[in-house]
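A.B. asks: What follows is a structure written as structure tokens; I'll ask about it next.
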Protein chains: 2
Amino acid sequence: MRAIRAQIANRSLTPGAKLPSIRSVAANIRVSKSTVVEAYDRLAAEGVIRSRPGSGFYSAAPLAPLSLAELAPRLDRAIDPFWVSRQSLEAGPAMLKPGCGWLPSEWMPEEDIRRALRNLARTTVHPKLTDYGTPLGLAPLRQFLSRRMAEQGFDAGPDQILLTESGTQAIDLVCRLLLQPGDAVLVDDPCYFNFLALLRAHQVKIVGVPYTPGGPDLERFEQALTEHRPRLYITNSGIHNPTGASLPATTAHKILKLAEAHDMIVVEDDIFADFEIEPAPRLAALDGLDRVVRIGSFSKTLSASFRCGYIAGRPDWIDKLTDLRIATGFASSPLSQDLVLNVVSSSTYRKYLETLRVRLSKARADTIRRLRALGIEPWIEPKAGMLVWCHLPDNLDAADVARRALNDNIVLAPGNVFSSSQSANSCMRFNVAQCTDDRIFATLRKGNATVRVRMRGSRERTKRWLMMTRRSAVSAGAVR
Amino acid sequence: MRAIRAQIANRSLTPGAKLPSIRSVAANIRVSKSTVVEAYDRLAAEGVIRSRPGSGFYSAAPLAPLSLAELAPRLDRAIDPFWVSRQSLEAGPAMLKPGCGWLPSEWMPEEDIRRALRNLARTTVHPKLTDYGTPLGLAPLRQFLSRRMAEQGFDAGPDQILLTESGTQAIDLVCRLLLQPGDAVLVDDPCYFNFLALLRAHQVKIVGVPYTPGGPDLERFEQALTEHRPRLYITNSGIHNPTGASLPATTAHKILKLAEAHDMIVVEDDIFADFEIEPAPRLAALDGLDRVVRIGSFSKTLSASFRCGYIAGRPDWIDKLTDLRIATGFASSPLSQDLVLNVVSSSTYRKYLETLRVRLSKARADTIRRLRALGIEPWIEPKAGMLVWCHLPDNLDAADVARRALNDNIVLAPGNVFSSSQSANSCMRFNVAQCTDDRIFATLRKGNATVRVRMRGSRERTKRWLMMTRRSAVSAGAVR
């Protein structure tokens, strides 16, 4: 195998050239013919050579190279809801990603996963490795989730839980079931950018409600309900993306009362639940899965490399969602679900989560301190999680800063990708777990410097912004 | 841990009861406190007990049991395109599944998968186990697919290939990109039942064209194009589901000419490719991915437990499909893709496929012989694959036979779930790899006997059916 590879590399075997016969090689290097067959088979399986039945083996033709798009950031991409996802998902290992929404791989519970893989390799339950999964997904994992929800204060039997490929797929399925093109859907402004991408794919009308440190501005929320009659409201109540805020119980209660009065369904995406130190109130816990659909996944604290999310909701919806899932994806992955269950039900995982929360608290404090030193002001100081939503000094154009940072191999998350009203142009979301590298702050400092020469009154403007965007919470609280 | 479990089982610890303190247990059984903490932690992770921070550990409340729906076949389910999928996916291990569309797990390359899992557990490439995948999916697997398509006679660079969660998800994404509610879509009649379920989910008009042993009836195909102006045609050209037929080159060529004349896109679902002994002509090979979109997956010959499918198509479509994929599922699973690559590029996998084809040929011959002995007549004798499409004697109602077979714990595949025109009521699809158990034939014999007393002329009717449904191919051939 080494010899053939070398001959192809040094062009003594050109693409398409016939390889020496098995018999001649066997005779030349004094091995059995079956050894040569095995070597040729392996090289063929790797694609280095190609077999033509009845004719022999040939050096494979050179392949079309991968495009540059995969090797370098695309500078010309529009700053839209796909910007952060594509830039961070396509980023090579050389890129720094303070704009992405996940932990560095070194922070993740790798040893637990290795152990789960080894366990699975030893399993004697045949179908586990090869069979299609049941429509709802692995029963013990649904039982685990059912117990966890009971701990959060609401009942969802294992039959009310549908395992999906991801949290995103879970929301997509719910949208497919409940929405028609042209329906209105409420989101927070700002909200997780992929909600905007997803809702665009569903061709619905996106209605943004200003988000305050105390949750959505309730006056505007009610106004939107009256004006647009939305079918759904999609939100994160535990740790809000991008702001890191959490929903106070009184706001949660009012949201549910309004939802009931206006016959609106609430999709609660609980993706950051495991980061919480003190669990915040949950819409699902107040409502009991009547008009709330609970979504979650394991991508943020366990692994995003094997995919598993879930939907908990009313039994009649779960049955329809199951049909929809079969129609559009056939079955979920029992292997991924088994790996997830194996890790989350180990005692080491709980300890890992405790350590992770401490580590994140420290990273949050460090990052906020370093950002403030550059005049980048956090909107609030989140109690948990990896996300901090900030205002740039001098009303800097975040899209501009983000585009220029790509040249320094840094992916940032400019505010407007999160904003349905495009009103967050001077904001930026930072992932504190991805902000440990000095180069990030060097690039941010450079960005500031460029602009500071032509702008004044930065601190004043930031203060005004904080006052303005935080105020609505207070006034909303006073109104109701 | 054993002691606590026993106390819960014998109700000396009732649900909700507080467990003895860690200190008292440690003192009682003379172990260190940390040993007790570890035991309690593990039991909590398993859900046997529950921790209340600051208060101690409590026996967990009993769980809602899984519903009966998961443990027994549902007899009252409507015979619709979901019937076979739900009955076979929900079937417990006691069920026989001659109606399902996959191999028994014992036939699958389990050892290869175990090896791939062990390799992965040893990997030193950190992000493999925990990170999100790139939008297009694992590059070496796309390169592998690109080479395989080159061997099938058409060029698809790795950048023209998008890895998905499954073949079904691949088709769904293509439909999301190219279809609007109300569009017309051509399918074969009969066709894979999940095409019908999927297209219903897209709210499009399904137009069936009678399928003959020589492919779709071309006269009716052209008529449908003129009358309904369909946007897409979805088919399997290699081994057709449910009939096991393969598309002759002349028909393939005519289909593409008609598609071009009427500006229609063809989705070629190549899911059974690896079963073929002699590769049949492919629409993608004739067209070169201009108006053909190629779909495939690894579920049928490798594993359905970790999900991986793909789309190969025009670069501009792939870019749009990538955005759509991010919006609706965020990322694919690098772990699954790595497992797939690890298995398919091993030399043992090729040998396994060769053995599998021989094994299937034998099972096909055996099953056809046993079916014929019961008067169940194959439409054609397929050259490869696991599927045989048959006519029941005495024009038996296949839905009826299938419903009654559930009582014997047998899942069959009644003809009309495959038929958009509901004209296959006396047909049945059999999976020869799942037909090795005598009980299947005993149940089929019983079904025949029930009806035979009140019906005559079975053989004549079957002959007429064969003549009639096979004829259209001949006449279509004569016309053009």
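We name chains A, B, ... following the order of the structure tokens; residues begin at 1 in each chain, and ligands are numbered from 1 as shown.
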Identify, with DSSP run on backbone atoms, the residues in region 142-339 of chain B assigned to alpha helix (DSSP H), and express the list as number ranges by chain.
C.D. replies: B: 142-151, 167-178, 193-201, 218-228, 249-261, 283-287, 315-329, 334-339
A.B. asks: Which polymer residues have any atom within 10 Å of an atom of Asp172 (chain B), counting only C-alpha atoms, with same-chain residues fewer than 2 positions away left out, as a list in words?
C.D. replies: Ala327, Thr328 and Gly329 of chain A; Ser166, Gly167, Thr168, Gln169, Ala170, Val174, Cys175, Arg176, Leu177, Leu178, Phe195, Leu198, Leu199, Ala201 and His202 of chain B
A.B. asks: Fewer than 2 positions away in the same chain doesn't count, so skip those; otherwise give me all residues within 8 Å of Ile277 (chain B), counting only C-alpha atoms, as a compact mmCIF listing (two decimals) with C-alpha atoms, in the first residue's frame.
C.D. replies:
# COMPACT_ATOMS: atom_id res chain seq x y z
CA PHE B 275 -28.08 -4.25 -3.66
CA PRO B 279 -25.95 -1.66 -12.21
CA ARG B 357 -26.30 -9.94 -2.68
CA LYS B 383 -33.05 -9.12 -10.44
CA ALA B 384 -31.83 -7.76 -7.12
A.B. asks: Counting only C-alpha atoms, which of A:Ala6, A:Ala78, A:Ala60, A:Leu96 gets nearest to Val417 (chain A)?
C.D. replies: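 The closest residue to Val417 (chain A) is A:Ala78.
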A.B. asks: So, with only C-alpha atoms as the atoms that count, which of A:Lys33, A:Arg291, A:Lys254, A:Lys97 lies closest to Leu232 (chain A)?
C.D. replies: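 Ranked by minimum distance to Leu232 (chain A), first place goes to A:Arg291.
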A.B. asks: Kindly indicate which residue among A:Thr134, A:Gln152, A:Ser419, A:Asn28 lies nearest to chain B, using only C-alpha atoms for the distances.
C.D. replies: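 Going through A:Thr134, A:Gln152, A:Ser419, A:Asn28 one by one, the smallest distance to chain B is for A:Thr134.
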A.B. asks: Pick from A:Asp274, A:Glu106, A:Glu165, A:Asp290: nearest to Gln434 (chain A), with only C-alpha atoms counted?
C.D. replies: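 Answer, going by the shortest atom-to-atom distance: A:Glu106.
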A.B. asks: Can you tell me which residues surround Ala224 (chain B) at a distance of at most 12 Å, considering only C-alpha atoms, apart from same-chain residues fewer than 5 positions away, and format the answer as a list in words?
C.D. replies: Ala184, Val185, Leu186, Val187, Asp188, Lys205, Ile206, Val207, Gly208, Val209, Pro210, Pro216, Asp217, Leu218, Glu219, Arg229, Pro230, Arg231, Leu232, Tyr233, Leu258, Ala259, His262 and Met264 of chain B
A.B. asks: Would you mind listing what lies within 7 Å of Ser146 (chain B) as a ChimeraX atom specification, with only C-alpha atoms counted and same-chain residues fewer than 6 positions away left out?
C.D. replies: /B:156-158
A.B. asks: Would you mind exporting all heavy atoms of the selected residues as a compact mmCIF listing (two decimals), in the first residue's frame?
C.D. replies:
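Generated file (part36.txt):
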# COMPACT_ATOMS: atom_id res chain seq x y z
N ALA B 156 -19.91 14.69 -9.80
CA ALA B 156 -20.46 15.53 -8.73
C ALA B 156 -19.31 15.81 -7.80
O ALA B 156 -18.85 14.93 -7.08
CB ALA B 156 -21.58 14.81 -8.01
N GLY B 157 -18.80 17.04 -7.85
CA GLY B 157 -17.71 17.41 -6.96
C GLY B 157 -18.18 17.36 -5.51
O GLY B 157 -19.39 17.45 -5.25
N PRO B 158 -17.24 17.20 -4.58
CA PRO B 158 -17.63 17.17 -3.16
C PRO B 158 -18.46 18.38 -2.74
O PRO B 158 -19.27 18.28 -1.83
CB PRO B 158 -16.28 17.16 -2.43
CG PRO B 158 -15.31 16.61 -3.41
CD PRO B 158 -15.78 17.02 -4.77
A.B. asks: Contacts of Gln337 (chain A) at 12 Å or less, counting only C-alpha atoms, minus same-chain residues fewer than 6 places along, as a VMD selection string?
C.D. replies: (chain A and resid 116 to 117 120 128 to 129 132 to 134 136 to 142 144 to 145 162 to 166 297 to 298 302 to 303 306 to 310 331 343 to 345) or (chain B and resid 305 to 307)
A.B. asks: A:Leu196, A:Ala402, A:Cys427, A:Ala3: which is nearest chain B, counting only C-alpha atoms?
C.D. replies: A:Leu196
A.B. asks: What is the distance between CA of Ala94 (chain A) and CA of Pro127 (chain B), in Å to one decimal?
C.D. replies: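 CA of Ala94 (chain A) sits 13.1 Å away from CA of Pro127 (chain B).
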A.B. asks: Would you please give, as a PyMOL selection string, all residues of region 27-256 of chain A that DSSP assigns to strand (DSSP E) based on the backbone?
C.D. replies: chain A and resi 49-52+56-59+161-164+184-189+205-212+215-216+232-235
A.B. asks: Go ahead and compute the interatomic distance for CA of Arg350 (chain B) and CA of Ala433 (chain B), in Å to one decimal.
C.D. replies: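 Result for CA of Arg350 (chain B) versus CA of Ala433 (chain B): 19.4 Å, one decimal.
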A.B. asks: Measuring between only C-alpha atoms, which one of A:Trp83, A:Leu179, A:Gly47, A:Gly101 shows the shortest distance to Ala150 (chain B)?
C.D. replies: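 Checking each candidate against Ala150 (chain B), we get A:Gly47 as the closest.
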A.B. asks: Residues at most 12 Å from Ser21 (chain B), counting only C-alpha atoms, excluding those fewer than 5 positions away in the same chain, as a count of residues only?
C.D. replies: 13
A.B. asks: Please, what distance in Å, to one decimal, runs between CA of Ser420 (chain B) and CA of Pro135 (chain A)?
C.D. replies: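 Atom-to-atom, CA of Ser420 (chain B) to CA of Pro135 (chain A), that is 23.8 Å.
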